[in-house]
>>> print(open('upload-v3.txt').read())   # compact mmCIF, C-alpha atoms
# COMPACT_ATOMS: atom_id res chain seq x y z
CA MET A 1 80.86 14.57 56.93
CA THR A 2 78.43 11.99 58.31
CA ILE A 3 75.52 14.13 57.18
CA THR A 4 76.97 14.50 53.72
CA ARG A 5 77.50 10.76 53.46
CA THR A 6 73.92 10.09 54.54
CA GLN A 7 72.68 12.55 52.01
CA PHE A 8 74.82 10.85 49.36
CA GLU A 9 73.37 7.46 50.27
CA ILE A 10 69.81 8.76 50.20
CA GLU A 11 70.38 10.33 46.79
CA THR A 12 71.93 7.13 45.44
CA VAL A 13 69.08 4.97 46.67
CA SER A 14 66.58 7.45 45.26
CA PHE A 15 68.20 7.38 41.83
CA ILE A 16 68.33 3.60 41.81
CA ALA A 17 64.69 3.40 42.93
CA PHE A 18 63.66 5.86 40.22
CA ALA A 19 65.60 3.93 37.57
CA VAL A 20 64.00 0.67 38.70
CA ALA A 21 60.55 2.27 38.61
CA VAL A 22 61.09 3.60 35.07
CA SER A 23 62.40 0.22 33.93
CA MET A 24 59.41 -1.53 35.44
CA PHE A 25 57.05 0.89 33.69
CA PHE A 26 58.61 0.21 30.28
CA LEU A 27 58.66 -3.50 31.04
CA TRP A 28 54.95 -3.39 31.88
CA GLN A 29 54.12 -1.36 28.80
CA ASN A 30 56.07 -3.76 26.63
CA ASN A 31 54.12 -6.69 28.04
CA GLN A 32 50.88 -4.84 27.38
CA LYS A 33 51.84 -4.55 23.70
CA TYR A 34 52.43 -8.26 23.48
CA ARG A 35 49.10 -8.92 25.11
CA GLN A 36 47.28 -6.84 22.49
CA PHE A 37 48.45 -8.99 19.62
CA PRO A 38 48.03 -12.71 19.19
CA ILE A 39 51.15 -14.75 19.62
CA VAL A 40 50.88 -15.98 16.06
CA THR A 41 50.76 -12.82 14.02
CA PRO A 42 49.64 -13.07 10.40
CA VAL A 43 52.62 -13.32 8.09
CA VAL A 44 52.56 -11.09 5.05
CA ASN A 45 52.11 -13.30 2.03
CA MET A 46 55.25 -12.85 -0.02
CA THR A 47 54.56 -15.63 -2.50
CA GLU A 48 52.55 -13.43 -4.86
CA THR A 49 54.54 -12.79 -8.00
CA ALA A 50 52.08 -10.49 -9.76
CA PRO A 51 51.93 -6.88 -8.65
CA ALA A 52 49.65 -6.69 -5.64
CA GLN A 53 47.64 -3.80 -7.13
CA ALA A 54 46.51 -5.88 -10.12
CA MET A 55 45.17 -8.60 -7.82
CA VAL A 56 42.92 -6.27 -5.87
CA LYS A 57 39.37 -6.05 -7.15
CA LYS A 58 37.49 -3.13 -5.75
CA VAL A 59 34.07 -4.11 -4.45
CA ASP A 60 31.48 -1.41 -3.89
CA ILE A 61 28.51 -2.23 -1.71
CA ALA A 62 25.17 -0.46 -1.78
CA SER A 63 21.98 -1.46 -0.05
CA GLN A 64 18.40 -0.36 0.43
CA ILE A 65 16.26 -1.22 3.42
CA SER A 66 12.54 -1.91 3.21
CA SER A 67 9.99 0.56 4.60
CA ASP A 68 9.47 -1.47 7.77
CA GLY A 69 13.19 -2.16 8.18
CA GLU A 70 12.67 -5.93 8.04
CA LYS A 71 14.44 -6.61 4.74
CA LYS A 72 17.42 -5.35 2.86
CA VAL A 73 18.62 -5.72 -0.72
CA ILE A 74 22.37 -5.53 -1.22
CA MET A 75 24.26 -4.80 -4.45
CA LYS A 76 27.94 -5.67 -4.65
CA THR A 77 29.74 -4.24 -7.65
CA THR A 78 33.11 -5.67 -8.58
CA ASN A 79 35.37 -3.94 -11.06
CA ASN A 80 36.96 -6.78 -13.02
CA ASN A 81 39.71 -4.53 -14.40
CA THR A 82 38.74 -5.75 -17.87
CA GLY A 83 36.26 -3.03 -18.71
CA THR A 84 33.46 -4.99 -17.14
CA LEU A 85 31.60 -4.84 -13.86
CA THR A 86 30.05 -7.77 -12.05
CA TYR A 87 26.90 -7.07 -10.08
CA VAL A 88 25.76 -9.44 -7.36
CA PHE A 89 22.37 -8.81 -5.80
CA SER A 90 21.28 -10.46 -2.59
CA THR A 91 18.53 -10.09 -0.03
CA ALA A 92 18.93 -10.24 3.72
CA ASP A 93 17.18 -9.45 6.96
CA GLY A 94 17.18 -5.81 8.00
CA SER A 95 20.11 -6.55 10.29
CA GLY A 96 22.08 -8.02 7.38
CA ASP A 97 21.71 -11.62 8.54
CA ASN A 98 20.54 -14.49 6.34
CA GLU A 99 21.97 -13.02 3.16
CA LYS A 100 20.88 -14.86 0.06
CA GLU A 101 22.12 -14.24 -3.46
CA ILE A 102 19.34 -13.74 -6.00
CA TYR A 103 21.00 -12.47 -9.17
CA THR A 104 24.44 -12.03 -10.71
CA THR A 105 25.36 -10.40 -13.97
CA THR A 106 28.42 -8.96 -15.66
CA LEU A 107 28.03 -5.88 -17.80
CA SER A 108 30.28 -3.54 -19.69
CA ALA A 109 31.43 -0.52 -17.71
CA GLU A 110 29.07 1.71 -19.71
CA GLU A 111 26.03 -0.13 -18.39
CA THR A 112 24.97 0.45 -14.80
CA MET A 113 22.66 -1.18 -12.34
CA SER A 114 21.15 0.37 -9.24
CA ILE A 115 18.70 -0.13 -6.41
CA PRO A 116 15.80 2.34 -6.46
CA PHE A 117 14.67 3.99 -3.21
CA ASN A 118 11.27 2.27 -3.55
CA THR A 119 12.70 -1.11 -4.46
CA TRP A 120 10.69 -3.21 -1.98
CA SER A 121 7.00 -4.02 -2.25
CA PRO A 122 5.12 -2.92 0.88
CA ASP A 123 4.85 -6.54 2.07
CA ASN A 124 8.52 -7.27 1.22
CA LYS A 125 7.59 -10.16 -1.09
CA TYR A 126 8.91 -8.55 -4.27
CA LEU A 127 11.60 -6.09 -5.23
CA PHE A 128 12.70 -4.42 -8.42
CA ILE A 129 16.10 -3.25 -9.52
CA GLN A 130 17.09 -0.84 -12.25
CA LYS A 131 19.30 -1.41 -15.26
CA GLY A 132 20.46 1.76 -16.99
CA ASP A 133 17.90 4.55 -17.14
CA ARG A 134 14.83 2.65 -18.24
CA GLY A 135 15.37 -1.02 -17.52
CA PHE A 136 13.50 -2.57 -14.60
CA MET A 137 13.62 -6.16 -13.36
CA VAL A 138 11.27 -7.62 -10.78
CA PHE A 139 12.37 -10.40 -8.44
CA LYS A 140 10.84 -12.43 -5.69
CA ASP A 141 12.36 -11.73 -2.30
CA SER A 142 13.17 -15.43 -1.97
CA GLY A 143 15.08 -15.46 -5.24
CA GLU A 144 12.76 -18.20 -6.51
CA ALA A 145 11.59 -18.24 -10.10
CA PHE A 146 8.13 -17.03 -11.10
CA SER A 147 5.45 -19.50 -12.15
CA ASP A 148 6.67 -19.53 -15.76
CA GLY A 149 10.17 -20.45 -14.65
CA GLN A 150 11.69 -17.00 -15.14
CA LEU A 151 14.05 -15.77 -12.46
CA PHE A 152 12.87 -12.21 -12.97
CA LEU A 153 10.24 -10.28 -14.88
CA ASP A 154 11.67 -7.85 -17.39
CA LEU A 155 9.29 -4.96 -16.94
CA THR A 156 10.66 -3.05 -19.90
CA ASP A 157 10.16 -5.97 -22.30
CA LEU A 158 6.71 -6.80 -20.97
CA PHE A 159 5.62 -3.19 -21.32
CA ALA A 160 6.98 -2.97 -24.87
CA GLN A 161 5.11 -6.16 -25.81
CA ARG A 162 1.86 -4.57 -24.69
CA LYS A 163 2.22 -1.95 -27.49
CA THR A 164 0.53 0.89 -25.67
CA GLY A 165 1.95 3.53 -28.01
CA HIS A 166 4.00 4.94 -25.14
CA ASN A 167 7.49 4.27 -23.93
CA LEU A 168 8.23 3.29 -20.37
CA SER A 169 10.13 6.17 -18.80
CA GLU A 170 10.31 5.10 -15.17
CA ALA A 171 8.99 2.70 -12.58
CA THR A 172 8.45 4.98 -9.60
CA GLY A 173 7.57 2.47 -6.90
CA TRP A 174 4.78 0.35 -5.51
CA GLY A 175 1.16 1.53 -5.46
CA SER A 176 0.23 -1.48 -3.37
CA GLU A 177 1.63 -4.88 -2.45
CA THR A 178 1.64 -6.17 -6.05
CA LEU A 179 1.34 -3.06 -8.22
CA ILE A 180 4.31 -1.23 -9.68
CA ILE A 181 3.59 2.30 -10.90
CA ILE A 182 4.91 3.01 -14.39
CA ASN A 183 5.24 6.42 -15.96
CA THR A 184 5.51 6.76 -19.70
CA ALA A 185 6.60 9.18 -22.34
CA GLY A 186 4.80 9.72 -25.61
CA GLU A 187 5.99 11.25 -28.85
CA GLY A 188 8.70 13.86 -28.34
CA GLU A 189 9.14 12.77 -24.73
CA ALA A 190 5.86 14.42 -23.68
CA LYS A 191 4.55 12.80 -20.52
CA GLY A 192 2.23 9.92 -21.27
CA PRO A 193 -0.31 8.20 -19.03
CA SER A 194 0.65 6.18 -15.98
CA TYR A 195 0.13 2.43 -15.71
CA TRP A 196 0.00 -0.26 -13.10
CA PHE A 197 1.98 -3.45 -13.59
CA GLU A 198 0.51 -6.23 -11.53
CA VAL A 199 3.27 -8.67 -10.71
CA PRO A 200 1.38 -11.97 -10.19
CA SER A 201 -0.70 -11.68 -13.37
CA LYS A 202 1.75 -9.52 -15.36
CA ALA A 203 -1.23 -7.35 -16.30
CA ILE A 204 -0.60 -3.79 -17.43
CA ILE A 205 -3.42 -1.43 -16.56
CA GLN A 206 -3.69 2.16 -17.77
CA LEU A 207 -4.60 4.66 -15.06
CA SER A 208 -6.78 7.74 -15.27
CA THR A 209 -4.47 9.68 -12.97
CA GLU A 210 -0.82 10.46 -13.58
CA PHE A 211 1.81 9.73 -10.99
CA MET B 1 -57.57 69.36 -14.95
CA ALA B 2 -55.91 67.04 -17.26
CA LYS B 3 -52.56 68.62 -16.36
CA LYS B 4 -53.23 68.19 -12.59
CA SER B 5 -54.15 64.56 -13.12
CA HIS B 6 -50.99 63.98 -15.10
CA ARG B 7 -48.89 65.65 -12.33
CA GLN B 8 -50.54 63.46 -9.67
CA LYS B 9 -49.84 60.39 -11.75
CA THR B 10 -46.26 61.46 -12.19
CA ASN B 11 -45.87 62.09 -8.43
CA LYS B 12 -47.50 58.74 -7.63
CA SER B 13 -45.24 57.05 -10.11
CA ARG B 14 -42.18 58.78 -8.56
CA LYS B 15 -43.17 57.63 -5.06
CA LYS B 16 -43.57 54.07 -6.30
CA THR B 17 -40.17 54.17 -7.88
CA ILE B 18 -38.46 55.35 -4.68
CA GLY B 19 -40.24 52.71 -2.64
CA TYR B 20 -39.33 50.09 -5.15
CA HIS B 21 -35.69 51.06 -5.00
CA LEU B 22 -35.70 51.16 -1.22
CA ARG B 23 -37.26 47.72 -1.06
CA VAL B 24 -34.72 46.37 -3.52
CA TYR B 25 -31.94 48.05 -1.59
CA PHE B 26 -32.93 46.61 1.78
CA LEU B 27 -33.76 43.25 0.27
CA SER B 28 -30.30 43.11 -1.29
CA ILE B 29 -28.66 43.97 2.01
CA PHE B 30 -30.73 41.36 3.77
CA ALA B 31 -29.97 38.69 1.16
CA GLY B 32 -26.28 39.55 1.23
CA VAL B 33 -26.10 39.35 5.01
CA ALA B 34 -28.08 36.08 4.98
CA VAL B 35 -25.80 34.53 2.38
CA PHE B 36 -22.74 35.73 4.29
CA ILE B 37 -23.97 34.32 7.62
CA ALA B 38 -25.17 31.03 6.11
CA GLY B 39 -22.03 30.61 4.08
CA ASN B 40 -19.85 31.44 7.02
CA TYR B 41 -21.71 28.95 9.15
CA PHE B 42 -21.54 26.29 6.42
CA PHE B 43 -17.84 26.65 5.78
CA ASN B 44 -16.93 26.92 9.43
CA SER B 45 -18.89 23.81 10.25
CA GLN B 46 -16.95 21.86 7.61
CA PRO B 47 -13.67 20.85 9.23
CA ILE B 48 -10.48 20.99 7.19
CA CYS B 49 -9.62 17.35 6.77
CA ALA B 50 -7.05 15.07 5.29
CA ASN B 51 -9.06 11.97 6.24
CA SER B 52 -12.70 12.88 5.79
CA LYS B 53 -14.14 10.00 7.83
CA THR B 54 -11.85 10.13 10.82
CA CYS B 55 -10.63 13.69 11.01
CA THR B 56 -12.89 14.73 13.86
CA THR B 57 -13.79 11.41 15.44
CA ASP B 58 -10.65 9.32 15.49
CA LEU B 59 -7.77 11.59 16.32
CA SER B 60 -6.73 9.29 19.08
CA PHE B 61 -4.44 6.42 19.82
CA SER B 62 -5.71 3.06 18.60
CA ILE B 63 -4.28 -0.34 17.78
CA ASP B 64 -6.33 -2.97 15.99
CA ASN B 65 -4.13 -5.90 15.09
CA ASP B 66 -7.02 -7.99 13.77
CA ALA B 67 -8.44 -5.47 11.31
CA THR B 68 -7.76 -5.34 7.59
CA GLY B 69 -7.27 -2.17 5.62
CA ILE B 70 -8.49 -0.94 2.23
CA PHE B 71 -6.56 1.30 -0.14
CA GLN B 72 -7.16 1.85 -3.86
CA GLY B 73 -9.86 -0.81 -3.73
CA ARG B 74 -7.48 -3.46 -2.44
CA THR B 75 -7.47 -5.26 0.86
CA ILE B 76 -4.35 -4.75 2.93
CA ILE B 77 -3.14 -6.54 6.02
CA PRO B 78 -1.69 -3.90 8.34
CA PRO B 79 1.47 -4.62 10.30
CA LYS B 80 0.80 -5.78 13.82
CA ILE B 81 1.94 -3.40 16.52
CA ASN B 82 3.43 -4.69 19.76
CA LEU B 83 4.18 -1.80 22.09
CA ALA B 84 6.34 -4.03 24.26
CA LEU B 85 8.89 -4.17 21.43
CA ASP B 86 8.98 -0.41 20.91
CA ASN B 87 11.81 0.31 23.30
CA SER B 88 14.07 -2.39 21.97
CA ASN B 89 16.45 -1.14 19.28
CA LEU B 90 15.31 2.39 20.03
CA SER B 91 17.33 4.78 17.92
CA ILE B 92 17.00 8.48 18.45
CA LEU B 93 18.11 10.87 15.76
CA GLY B 94 20.48 13.57 16.84
CA ALA B 95 21.39 11.81 20.08
CA ASP B 96 25.00 12.83 19.48
CA THR B 97 24.10 16.23 18.11
CA PRO B 98 24.65 19.37 20.17
CA SER B 99 21.35 20.64 21.46
CA GLY B 100 19.61 23.27 19.40
CA GLU B 101 16.15 24.18 18.27
CA LYS B 102 14.47 21.43 16.32
CA HIS B 103 12.73 22.25 13.05
CA ILE B 104 11.17 20.11 10.35
CA TYR B 105 10.93 21.33 6.75
CA VAL B 106 8.90 19.68 4.00
CA ASP B 107 9.80 20.59 0.43
CA LEU B 108 6.81 19.75 -1.73
CA SER B 109 8.65 20.43 -4.99
CA ASN B 110 11.08 17.56 -4.53
CA GLN B 111 9.02 15.51 -2.05
CA THR B 112 11.73 15.64 0.58
CA ILE B 113 11.70 16.16 4.32
CA TYR B 114 14.55 17.71 6.28
CA ALA B 115 14.96 17.68 10.05
CA PHE B 116 17.32 20.12 11.69
CA GLN B 117 18.65 20.45 15.21
CA GLY B 118 20.21 23.88 15.37
CA LYS B 119 22.13 24.11 12.12
CA THR B 120 22.80 20.39 11.95
CA GLN B 121 20.78 18.42 9.43
CA ILE B 122 19.94 15.13 11.02
CA MET B 123 17.47 13.69 8.52
CA LYS B 124 16.79 13.98 4.83
CA THR B 125 14.54 11.50 3.11
CA LEU B 126 11.82 11.17 0.49
CA ILE B 127 8.15 11.57 1.41
CA SER B 128 4.79 11.40 -0.32
CA SER B 129 2.60 14.48 0.08
CA GLY B 130 -0.97 15.09 -1.03
CA LYS B 131 -2.18 13.75 -4.34
CA TRP B 132 -5.91 13.34 -3.72
CA GLY B 133 -5.93 16.26 -1.26
CA LYS B 134 -3.47 19.11 -0.88
CA THR B 135 -0.88 19.19 1.87
CA PRO B 136 -1.33 22.58 3.57
CA VAL B 137 1.53 25.02 3.09
CA GLY B 138 2.43 27.10 6.14
CA ASN B 139 4.19 27.15 9.49
CA PHE B 140 2.90 24.88 12.22
CA ASN B 141 3.83 23.02 15.37
CA ILE B 142 3.28 19.37 16.12
CA TRP B 143 0.16 19.38 18.26
CA THR B 144 -0.05 15.69 19.08
CA LYS B 145 1.90 12.48 18.71
CA LEU B 146 0.18 9.10 18.37
CA ARG B 147 2.06 5.84 18.18
CA SER B 148 -0.78 4.43 16.09
CA THR B 149 -4.21 5.44 14.89
CA ARG B 150 -6.84 4.68 12.28
CA MET B 151 -7.32 6.83 9.19
CA ALA B 152 -10.26 6.62 6.82
CA GLY B 153 -11.81 8.78 4.14
CA GLY B 154 -12.50 9.14 0.44
CA VAL B 155 -15.54 7.98 -1.50
CA GLY B 156 -16.19 5.32 -4.12
CA ALA B 157 -13.07 3.81 -5.63
CA ASP B 158 -10.99 6.27 -3.65
CA ALA B 159 -12.38 5.13 -0.29
CA TYR B 160 -9.77 3.94 2.18
CA SER B 161 -9.66 2.65 5.71
CA LEU B 162 -6.30 2.08 7.33
CA PRO B 163 -5.92 0.80 10.88
CA ASN B 164 -2.59 0.79 12.71
CA VAL B 165 -1.16 3.79 10.89
CA PRO B 166 2.17 4.07 12.71
CA TYR B 167 4.11 7.00 14.16
CA VAL B 168 1.58 9.79 13.61
CA MET B 169 2.42 13.42 14.37
CA TYR B 170 -0.33 15.90 13.51
CA PHE B 171 0.72 19.47 12.82
CA PHE B 172 -2.46 21.05 11.33
CA HIS B 173 -5.90 19.60 12.07
CA ASP B 174 -5.52 15.97 10.97
CA PHE B 175 -2.67 16.67 8.56
CA GLY B 176 0.48 15.11 9.85
CA PHE B 177 3.51 12.91 9.37
CA HIS B 178 3.10 9.15 9.56
CA GLY B 179 4.46 5.88 8.34
CA ALA B 180 2.75 4.31 5.31
CA TYR B 181 2.58 0.52 5.01
CA TRP B 182 0.18 0.41 2.05
CA HIS B 183 2.44 1.84 -0.63
CA ASN B 184 6.10 2.33 -1.35
CA ASN B 185 6.14 5.18 -3.81
CA PHE B 186 7.98 7.83 -1.87
CA GLY B 187 9.29 10.80 -3.78
CA HIS B 188 5.90 11.09 -5.50
CA PRO B 189 2.60 12.56 -4.21
CA MET B 190 0.52 9.68 -2.92
CA SER B 191 -1.54 10.86 0.05
CA HIS B 192 -4.79 12.59 0.87
CA GLY B 193 -2.91 15.53 2.37
CA CYS B 194 -0.70 13.99 5.03
CA VAL B 195 3.04 13.54 4.72
CA ASN B 196 3.65 9.82 4.18
CA MET B 197 7.02 8.40 5.12
CA ARG B 198 8.73 5.02 5.14
CA ILE B 199 7.98 3.38 8.46
CA VAL B 200 11.64 3.40 9.50
CA ASP B 201 11.91 7.12 8.74
CA ALA B 202 8.61 7.95 10.45
CA ARG B 203 9.77 6.04 13.54
CA ASP B 204 13.08 7.92 13.70
CA LEU B 205 11.35 11.28 13.26
CA PHE B 206 8.70 10.36 15.83
CA ASN B 207 11.31 9.44 18.43
CA TRP B 208 13.21 12.66 17.80
CA ALA B 209 10.47 15.29 17.46
CA ASP B 210 8.61 16.75 20.42
CA GLY B 211 4.91 17.09 21.01
CA PRO B 212 3.53 19.93 23.10
CA SER B 213 4.45 19.85 26.75
CA GLY B 214 2.99 22.28 29.27
CA SER B 215 3.35 25.75 27.81
CA GLN B 216 5.91 24.49 25.30
CA LYS B 217 4.68 24.02 21.74
CA GLY B 218 5.64 20.96 19.74
CA THR B 219 8.47 20.89 17.22
CA PRO B 220 7.99 23.58 14.53
CA VAL B 221 7.06 22.36 11.06
CA SER B 222 7.35 24.40 7.86
CA VAL B 223 5.68 23.06 4.75
CA CYS B 224 7.19 24.83 1.76
CA ASN B 225 6.33 24.85 -1.92
CA SER B 226 10.06 24.74 -2.35
CA LEU B 227 13.15 25.15 -0.23
CA THR B 228 15.97 27.17 -1.76
CA GLU B 229 19.61 26.19 -1.38
CA ASP B 230 20.18 28.92 1.19
CA GLY B 231 17.36 27.53 3.31
CA ASN B 232 14.60 29.95 2.31
CA CYS B 233 11.19 28.29 2.63
CA VAL B 234 9.03 29.52 -0.26
CA GLN B 235 5.35 29.44 0.66
CA LYS B 236 2.61 30.42 -1.78
CA ASN B 237 -0.83 30.98 -0.25
CA PRO B 238 0.01 29.59 3.21
CA VAL B 239 -2.97 28.56 5.30
CA ASN B 240 -1.72 30.54 8.30
>>> encode(input="upload-v3.txt", output="structure tokens")
Amino acid sequence: MTITRTQFEIETVSFIAFAVAVSMFFLWQNNQKYRQFPIVTPVVNMTETAPAQAMVKKVDIASQISSDGEKKVIMKTTNNNTGTLTYVFSTADGSGDNEKEIYTTTLSAEETMSIPFNTWSPDNKYLFIQKGDRGFMVFKDSGEAFSDGQLFLDLTDLFAQRKTGHNLSEATGWGSETLIIINTAGEGEAKGPSYWFEVPSKAIIQLSTEF
Amino acid sequence: MAKKSHRQKTNKSRKKTIGYHLRVYFLSIFAGVAVFIAGNYFFNSQPICANSKTCTTDLSFSIDNDATGIFQGRTIIPPKINLALDNSNLSILGADTPSGEKHIYVDLSNQTIYAFQGKTQIMKTLISSGKWGKTPVGNFNIWTKLRSTRMAGGVGADAYSLPNVPYVMYFFHDFGFHGAYWHNNFGHPMSHGCVNMRIVDARDLFNWADGPSGSQKGTPVSVCNSLTEDGNCVQKNPVN
């Protein structure tokens, strides 16, 4: 009888100890949860009366780094939900720091803008961006205007003004620090000669070799 | 008498004709052998080069931070190279990729390079292959890696001299991969036979690929006229 009672006591103490241990574990875990979150948790804003979906503007971000990794051009595209898209272009360090806006435009959804793979000049002083299939705009890295006060050089317009008899088909990239390589198409879309566009002088020079 | 004389003449004439033909025959053989030997010597003594001025003399590591470069008749200031900064921000492609055989493919038709580790593609980017000299098609191994070197060649308006060419990996004579700081026209042929890459891409490939070590060859390189979707490297007239 004494043995049975001792056993009973041991079992009782064991159960109580186990229950206390389990309780302490849950208590500890609960405290951990509180520690993970700040005491003042953000309150969901319930004051919006318009449907939340209509207020959200989707922003797509694309970027292209320079060859040496020192600079980056960033394109943020915002769908305005009105059939238009707003494009914001900015330059930044390769790490993304020191971002500086250089150009903003809003276009219809049918028109597109993009950053070519070869956007940066080899010395990172200039960059060009693409509008549609055959539109090309040249900017200074700093976002400053060119000497004639223009924020950008419209390569397509400048080439058309030259009246070479060929149509600009693409700007492929940079042949050197200031030269953009232009390919052209002649009558019936046959490949025409290639040209250099020199940014500082805006000169357009026909080349003997095709790129 | 007259008949005998005529026969002698005919015999003499026949002998002359045989001698003449023999002389011509041996002379032709001699000339042919001479041309073959001279030609063989001439062509063998001309190294296969991407950079005609440096292909046999400057295939070595060099940094010249004070020199200027020339390309397409224009003076270029090369980027300065500080080796002390090389190990900071060191990124290695495929660091998280299961180990497997490394292989680099160059597709000349779309000016694209692919790097594989086993079956995992770890790099795909645009390059510039040979425009003024052909990039050799074939299967190679990287035979040396140079953090920086000088490349020079061409004549007249095409002459170029480029110090501090970064992240060079030669795979066939002086044809190799390297960063290009003098142009940014990747996706289009633009080199004298090498495979030009953006500096950031050349750096990543350089840090990932292996040079020869002991009896181990360097990372295999396949230069293809085109690379089919199922990974078949099409090579027309490979150099090896």
>>> interface_residues(input="upload-v3.txt", of="chain B", to="chain A", cutoff="7 Å", atoms="only C-alpha atoms", output="list in words")
Tyr181, Trp182, His183, Asn184, Asn185, Phe186, His188, Arg198, Ile199 and Val200 of chain B
>>> atom_distance(input="upload-v3.txt", atom1="CA of Lys236 in chain B", atom2="CA of Val106 in chain B")
13.7 Å
>>> residues_around(input="upload-v3.txt", residues="Ile48 in chain B", least_positions_apart="3", cutoff="12 Å", atoms="all atoms listed in the file", output="MDAnalysis selection string")
chainID B and resid 43:45 51:56 133:136 172:175 192:193 239
>>> write_last_selection(input="upload-v3.txt", atoms="C-alpha atoms", output="PDB file, in the frame of the given file")
ATOM      1  CA  PHE B  43     -17.840  26.650   5.780  1.00  0.00           C
ATOM      2  CA  ASN B  44     -16.930  26.920   9.430  1.00  0.00           C
ATOM      3  CA  SER B  45     -18.890  23.810  10.250  1.00  0.00           C
ATOM      4  CA  ASN B  51      -9.060  11.970   6.240  1.00  0.00           C
ATOM      5  CA  SER B  52     -12.700  12.880   5.790  1.00  0.00           C
ATOM      6  CA  LYS B  53     -14.140  10.000   7.830  1.00  0.00           C
ATOM      7  CA  THR B  54     -11.850  10.130  10.820  1.00  0.00           C
ATOM      8  CA  CYS B  55     -10.630  13.690  11.010  1.00  0.00           C
ATOM      9  CA  THR B  56     -12.890  14.730  13.860  1.00  0.00           C
ATOM     10  CA  GLY B 133      -5.930  16.260  -1.260  1.00  0.00           C
ATOM     11  CA  LYS B 134      -3.470  19.110  -0.880  1.00  0.00           C
ATOM     12  CA  THR B 135      -0.880  19.190   1.870  1.00  0.00           C
ATOM     13  CA  PRO B 136      -1.330  22.580   3.570  1.00  0.00           C
ATOM     14  CA  PHE B 172      -2.460  21.050  11.330  1.00  0.00           C
ATOM     15  CA  HIS B 173      -5.900  19.600  12.070  1.00  0.00           C
ATOM     16  CA  ASP B 174      -5.520  15.970  10.970  1.00  0.00           C
ATOM     17  CA  PHE B 175      -2.670  16.670   8.560  1.00  0.00           C
ATOM     18  CA  HIS B 192      -4.790  12.590   0.870  1.00  0.00           C
ATOM     19  CA  GLY B 193      -2.910  15.530   2.370  1.00  0.00           C
ATOM     20  CA  VAL B 239      -2.970  28.560   5.300  1.00  0.00           C
TER      21      VAL B 239
END
>>> residues_around(input="upload-v3.txt", residues="range 97-102 of chain A", least_positions_apart="2", cutoff="9 Å", atoms="all atoms listed in the file", output="ChimeraX atom specification")
/A:72-74,88-95,104,139-144,151
>>> atom_distance(input="upload-v3.txt", atom1="CA of Ile182 in chain A", atom2="CA of Ile76 in chain B")
21.1 Å
>>> atom_distance(input="upload-v3.txt", atom1="CA of Ser194 in chain A", atom2="CA of Phe146 in chain A")
24.9 Å
>>> axis_aligned_box(input="upload-v3.txt", around="range 121-125 of chain B", padding_each_side="8 Å", output="JSON")
{"center_x": 17.7, "center_y": 15.0, "center_z": 7.1, "size_x": 22.2, "size_y": 22.9, "size_z": 23.9}
>>> decode(input="upload-v3.txt", residues="range 154-162 of chain B", atoms="N, CA, C and O atoms", output="PDB file, in the first residue's frame")
ATOM      1  N   GLY B 154      46.533  45.356 -86.659  1.00  0.00           N
ATOM      2  CA  GLY B 154      45.941  46.156 -87.718  1.00  0.00           C
ATOM      3  C   GLY B 154      46.941  47.080 -88.377  1.00  0.00           C
ATOM      4  O   GLY B 154      48.035  47.304 -87.870  1.00  0.00           O
ATOM      5  N   VAL B 155      46.549  47.619 -89.521  1.00  0.00           N
ATOM      6  CA  VAL B 155      47.404  48.579 -90.232  1.00  0.00           C
ATOM      7  C   VAL B 155      46.559  49.762 -90.685  1.00  0.00           C
ATOM      8  O   VAL B 155      45.346  49.648 -90.862  1.00  0.00           O
ATOM      9  N   GLY B 156      47.239  50.897 -90.886  1.00  0.00           N
ATOM     10  CA  GLY B 156      46.555  52.093 -91.375  1.00  0.00           C
ATOM     11  C   GLY B 156      45.445  52.540 -90.444  1.00  0.00           C
ATOM     12  O   GLY B 156      45.622  52.580 -89.219  1.00  0.00           O
ATOM     13  N   ALA B 157      44.291  52.840 -91.040  1.00  0.00           N
ATOM     14  CA  ALA B 157      43.167  53.336 -90.239  1.00  0.00           C
ATOM     15  C   ALA B 157      42.642  52.277 -89.282  1.00  0.00           C
ATOM     16  O   ALA B 157      41.957  52.588 -88.313  1.00  0.00           O
ATOM     17  N   ASP B 158      42.972  51.031 -89.580  1.00  0.00           N
ATOM     18  CA  ASP B 158      42.488  49.924 -88.752  1.00  0.00           C
ATOM     19  C   ASP B 158      43.434  49.606 -87.588  1.00  0.00           C
ATOM     20  O   ASP B 158      43.157  48.724 -86.786  1.00  0.00           O
ATOM     21  N   ALA B 159      44.554  50.323 -87.531  1.00  0.00           N
ATOM     22  CA  ALA B 159      45.545  50.020 -86.481  1.00  0.00           C
ATOM     23  C   ALA B 159      44.955  50.287 -85.094  1.00  0.00           C
ATOM     24  O   ALA B 159      44.207  51.246 -84.906  1.00  0.00           O
ATOM     25  N   TYR B 160      45.280  49.427 -84.166  1.00  0.00           N
ATOM     26  CA  TYR B 160      44.794  49.618 -82.798  1.00  0.00           C
ATOM     27  C   TYR B 160      45.857  49.188 -81.802  1.00  0.00           C
ATOM     28  O   TYR B 160      46.711  48.343 -82.089  1.00  0.00           O
ATOM     29  N   SER B 161      45.812  49.810 -80.665  1.00  0.00           N
ATOM     30  CA  SER B 161      46.710  49.451 -79.570  1.00  0.00           C
ATOM     31  C   SER B 161      45.939  49.658 -78.281  1.00  0.00           C
ATOM     32  O   SER B 161      45.481  50.762 -77.982  1.00  0.00           O
ATOM     33  N   LEU B 162      45.753  48.576 -77.540  1.00  0.00           N
ATOM     34  CA  LEU B 162      44.851  48.633 -76.390  1.00  0.00           C
ATOM     35  C   LEU B 162      45.515  48.054 -75.143  1.00  0.00           C
ATOM     36  O   LEU B 162      45.597  46.824 -74.992  1.00  0.00           O
TER      37      LEU B 162
END
